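Here's entry.cif, which has mmCIF, C-alpha atoms:
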data_target
loop_
_atom_site.group_PDB
_atom_site.id
_atom_site.type_symbol
_atom_site.label_atom_id
_atom_site.label_comp_id
_atom_site.auth_asym_id
_atom_site.auth_seq_id
_atom_site.Cartn_x
_atom_site.Cartn_y
_atom_site.Cartn_z
ATOM 1 C CA VAL A 1 13.635 -1.824 -5.965
ATOM 2 C CA GLN A 2 11.347 -0.312 -8.599
ATOM 3 C CA LEU A 3 7.605 -0.189 -8.066
ATOM 4 C CA VAL A 4 4.762 0.233 -10.546
ATOM 5 C CA GLU A 5 1.151 0.574 -9.412
ATOM 6 C CA SER A 6 -1.951 -0.271 -11.414
ATOM 7 C CA GLY A 7 -5.661 -0.814 -10.950
ATOM 8 C CA GLY A 8 -6.905 2.670 -10.175
ATOM 9 C CA GLY A 9 -9.884 4.229 -11.876
ATOM 10 C CA LEU A 10 -13.160 6.097 -11.595
ATOM 11 C CA VAL A 11 -15.805 4.323 -9.546
ATOM 12 C CA GLN A 12 -19.071 5.077 -7.804
ATOM 13 C CA ILE A 13 -19.530 5.322 -4.053
ATOM 14 C CA GLY A 14 -19.560 1.853 -2.510
ATOM 15 C CA ASP A 15 -17.736 0.236 -5.421
ATOM 16 C CA SER A 16 -14.568 -1.842 -5.269
ATOM 17 C CA LEU A 17 -11.171 -1.687 -6.923
ATOM 18 C CA ARG A 18 -8.184 -3.997 -6.830
ATOM 19 C CA LEU A 19 -4.901 -2.123 -6.711
ATOM 20 C CA SER A 20 -1.687 -3.896 -7.631
ATOM 21 C CA CYS A 21 1.995 -3.105 -7.325
ATOM 22 C CA GLN A 22 4.665 -4.853 -9.369
ATOM 23 C CA ALA A 23 8.187 -4.808 -7.932
ATOM 24 C CA SER A 24 11.433 -5.400 -9.779
ATOM 25 C CA GLY A 25 15.141 -4.922 -9.413
ATOM 26 C CA SER A 26 15.746 -6.387 -5.964
ATOM 27 C CA THR A 27 14.888 -9.400 -3.820
ATOM 28 C CA PHE A 28 11.239 -8.713 -3.085
ATOM 29 C CA SER A 29 11.159 -10.687 0.154
ATOM 30 C CA ASN A 30 13.767 -8.317 1.615
ATOM 31 C CA TYR A 31 11.099 -5.629 1.835
ATOM 32 C CA ALA A 32 8.072 -4.847 3.909
ATOM 33 C CA MET A 33 5.489 -3.268 1.638
ATOM 34 C CA ALA A 34 2.813 -0.669 2.166
ATOM 35 C CA TRP A 35 0.155 1.433 0.510
ATOM 36 C CA PHE A 36 -0.265 5.130 1.148
ATOM 37 C CA ARG A 37 -2.641 7.629 -0.418
ATOM 38 C CA GLN A 38 -2.530 11.343 -1.031
ATOM 39 C CA ALA A 39 -5.469 13.583 -1.838
ATOM 40 C CA PRO A 40 -4.921 16.970 -3.518
ATOM 41 C CA GLY A 41 -3.504 19.459 -1.064
ATOM 42 C CA GLU A 42 -3.211 16.850 1.667
ATOM 43 C CA GLU A 43 -0.370 14.914 3.254
ATOM 44 C CA ARG A 44 0.410 11.377 2.216
ATOM 45 C CA ASP A 45 -1.475 9.049 4.557
ATOM 46 C CA PHE A 46 -0.857 5.465 5.541
ATOM 47 C CA VAL A 47 -3.360 2.859 4.322
ATOM 48 C CA ALA A 48 -1.940 -0.629 4.905
ATOM 49 C CA ALA A 49 1.331 -2.516 5.339
ATOM 50 C CA ILE A 50 2.477 -6.117 5.114
ATOM 51 C CA ASN A 51 5.663 -7.732 6.374
ATOM 52 C CA TRP A 52 8.178 -9.558 4.219
ATOM 53 C CA SER A 53 6.490 -12.968 4.569
ATOM 54 C CA GLY A 54 2.910 -11.795 4.272
ATOM 55 C CA LEU A 55 1.995 -13.199 7.681
ATOM 56 C CA SER A 56 1.674 -9.844 9.427
ATOM 57 C CA THR A 57 -0.407 -6.866 8.355
ATOM 58 C CA HIS A 58 -1.289 -3.428 9.690
ATOM 59 C CA TYR A 59 -4.129 -1.126 8.604
ATOM 60 C CA ALA A 60 -5.270 2.412 9.092
ATOM 61 C CA ASP A 61 -8.410 2.392 11.240
ATOM 62 C CA SER A 62 -10.432 3.968 8.439
ATOM 63 C CA VAL A 63 -9.920 1.021 6.080
ATOM 64 C CA LYS A 64 -10.075 -1.947 8.463
ATOM 65 C CA GLY A 65 -12.589 -4.498 7.264
ATOM 66 C CA ARG A 66 -12.785 -2.984 3.774
ATOM 67 C CA PHE A 67 -9.234 -3.177 2.422
ATOM 68 C CA THR A 68 -7.027 -6.281 2.451
ATOM 69 C CA ILE A 69 -3.312 -6.175 1.703
ATOM 70 C CA SER A 70 -1.548 -9.286 0.449
ATOM 71 C CA ARG A 71 1.650 -10.188 -1.366
ATOM 72 C CA ASP A 72 3.047 -12.865 -3.643
ATOM 73 C CA ASN A 73 6.801 -13.237 -3.205
ATOM 74 C CA THR A 74 7.018 -15.459 -6.264
ATOM 75 C CA ALA A 75 5.347 -12.937 -8.567
ATOM 76 C CA ASN A 76 6.874 -9.919 -6.761
ATOM 77 C CA THR A 77 3.501 -8.286 -6.327
ATOM 78 C CA VAL A 78 1.505 -6.683 -3.563
ATOM 79 C CA THR A 79 -2.219 -6.143 -3.965
ATOM 80 C CA LEU A 80 -4.854 -4.101 -2.191
ATOM 81 C CA PRO A 81 -8.448 -5.082 -2.879
ATOM 82 C CA THR A 82 -10.638 -2.231 -1.732
ATOM 83 C CA GLU A 83 -14.340 -2.380 -0.928
ATOM 84 C CA GLY A 84 -16.963 0.174 -0.050
ATOM 85 C CA LEU A 85 -15.021 3.088 -1.457
ATOM 86 C CA LEU A 86 -16.040 6.560 -0.322
ATOM 87 C CA PRO A 87 -15.665 9.925 -2.082
ATOM 88 C CA GLU A 88 -13.245 11.100 0.595
ATOM 89 C CA GLU A 89 -10.952 8.241 -0.406
ATOM 90 C CA THR A 90 -10.323 9.865 -3.755
ATOM 91 C CA ALA A 91 -6.551 10.116 -3.950
ATOM 92 C CA ILE A 92 -3.423 8.921 -5.637
ATOM 93 C CA TYR A 93 -2.540 5.561 -4.135
ATOM 94 C CA TYR A 94 1.177 4.819 -3.774
ATOM 95 C CA CYS A 95 3.019 1.566 -3.242
ATOM 96 C CA ALA A 96 6.087 1.778 -0.998
ATOM 97 C CA ALA A 97 8.909 -0.524 0.083
ATOM 98 C CA GLN A 98 10.934 -0.629 3.282
ATOM 99 C CA SER A 99 14.066 -2.751 3.485
ATOM 100 C CA ILE A 100 13.953 -5.201 6.371
ATOM 101 C CA PHE A 101 17.637 -4.408 6.961
ATOM 102 C CA SER A 102 16.710 -0.866 7.966
ATOM 103 C CA THR A 103 14.201 -1.946 10.616
ATOM 104 C CA PRO A 104 14.609 -2.904 14.299
ATOM 105 C CA TYR A 105 13.570 -6.476 13.472
ATOM 106 C CA SER A 106 12.603 -8.293 10.288
ATOM 107 C CA ASP A 107 8.832 -8.342 10.948
ATOM 108 C CA TYR A 108 8.664 -4.644 11.867
ATOM 109 C CA LEU A 109 5.790 -2.777 10.211
ATOM 110 C CA SER A 110 5.826 0.983 9.888
ATOM 111 C CA ASP A 111 3.105 3.445 8.981
ATOM 112 C CA HIS A 112 5.430 6.423 8.589
ATOM 113 C CA VAL A 113 6.169 7.860 5.174
ATOM 114 C CA GLY A 114 9.784 8.567 6.083
ATOM 115 C CA ASP A 115 10.545 4.911 6.815
ATOM 116 C CA PHE A 116 9.979 3.848 3.210
ATOM 117 C CA SER A 117 12.837 4.243 0.769
ATOM 118 C CA ALA A 118 11.197 3.273 -2.520
ATOM 119 C CA TRP A 119 7.988 4.560 -4.031
ATOM 120 C CA GLY A 120 5.981 4.033 -7.150
ATOM 121 C CA ARG A 121 4.465 6.857 -9.181
ATOM 122 C CA GLY A 122 0.977 6.102 -7.931
ATOM 123 C CA THR A 123 -2.374 5.188 -9.379
ATOM 124 C CA GLN A 124 -5.361 7.533 -9.292
ATOM 125 C CA VAL A 125 -8.519 6.414 -7.526
ATOM 126 C CA THR A 126 -11.552 8.642 -7.955
ATOM 127 C CA VAL A 127 -14.773 7.858 -6.121
ATOM 128 C CA SER A 128 -17.830 9.673 -7.378
ATOM 129 C CA SER A 129 -20.921 10.286 -5.307
#
The structure given in the file should be rewritten as structure tokens.
Amino acid sequence: VQLVESGGGLVQIGDSLRLSCQASGSTFSNYAMAWFRQAPGEERDFVAAINWSGLSTHYADSVKGRFTISRDNTANTVTLPTEGLLPEETAIYYCAAQSIFSTPYSDYLSDHVGDFSAWGRGTQVTVSS
């Protein structure tokens, strides 16, 4: 599966952005999807994940209540509306895919970088104070 992110940009503290990820090349519903982010000099951190059907989600504690992950299996997209952005959330945001055939059960949701086999190139989010 190939992934292309979009929607990043330069915003002010407290602003919102809607990140999107377009998938192609494979059956989209065979993948759990996730967003990670990586600030300069830092490790890639988990943000949010959604199972193949869209009925189950998982969030990092720091983004609960402000970010909402969703997917459209007809359009092969996963989106991440973000609210209340903070300067420390400045990072490259990556979309990632995990095949359901590599998981213990089909609705399994991971927050580990190593569990995801496909990655996009990322979209830059910069939050200015």
Could you list, as a ChimeraX atom specification, every residue matched by the PyMOL selection byres ((chain A and resi 98) around 12) in this structure?
/A:1-3,26-35,49-52,95-97,99-104,106-119
The PyMOL selection byres ((chain A and resi 81-89) around 7) applied to the shown file, residues as a PyMOL selection string:
chain A and resi 13-19+66-69+79-80+90-91+127-129
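Using all atoms listed in the file for every distance, the candidate list A:Glu5, A:Ile92, A:Gly65, A:Gln12 yields A:Ile92 as the residue closest to Glu43 in chain A.
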Skip Asp72 in chain A itself and residues of its chain fewer than 6 positions away, then list as an MDAnalysis selection string all residues within 9 Å of it, counting only C-alpha atoms.
chainID A and resid 53:54 78:79
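In this structure, CA of Gly122 in chain A sits 8.5 Å away from CA of Arg37 in chain A.
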The PyMOL selection byres ((chain A and resi 46) around 6) applied to the shown file, residues as a PyMOL selection string
chain A and resi 36+45+47+111
Point-to-point distance from CA of Ser6 in chain A to CA of Gly41 in chain A, Å rounded to tenths:
22.3 Å
What does the structure give for the distance between CA of Ser62 in chain A and CA of Gln22 in chain A, in Å to one decimal?
25.0 Å
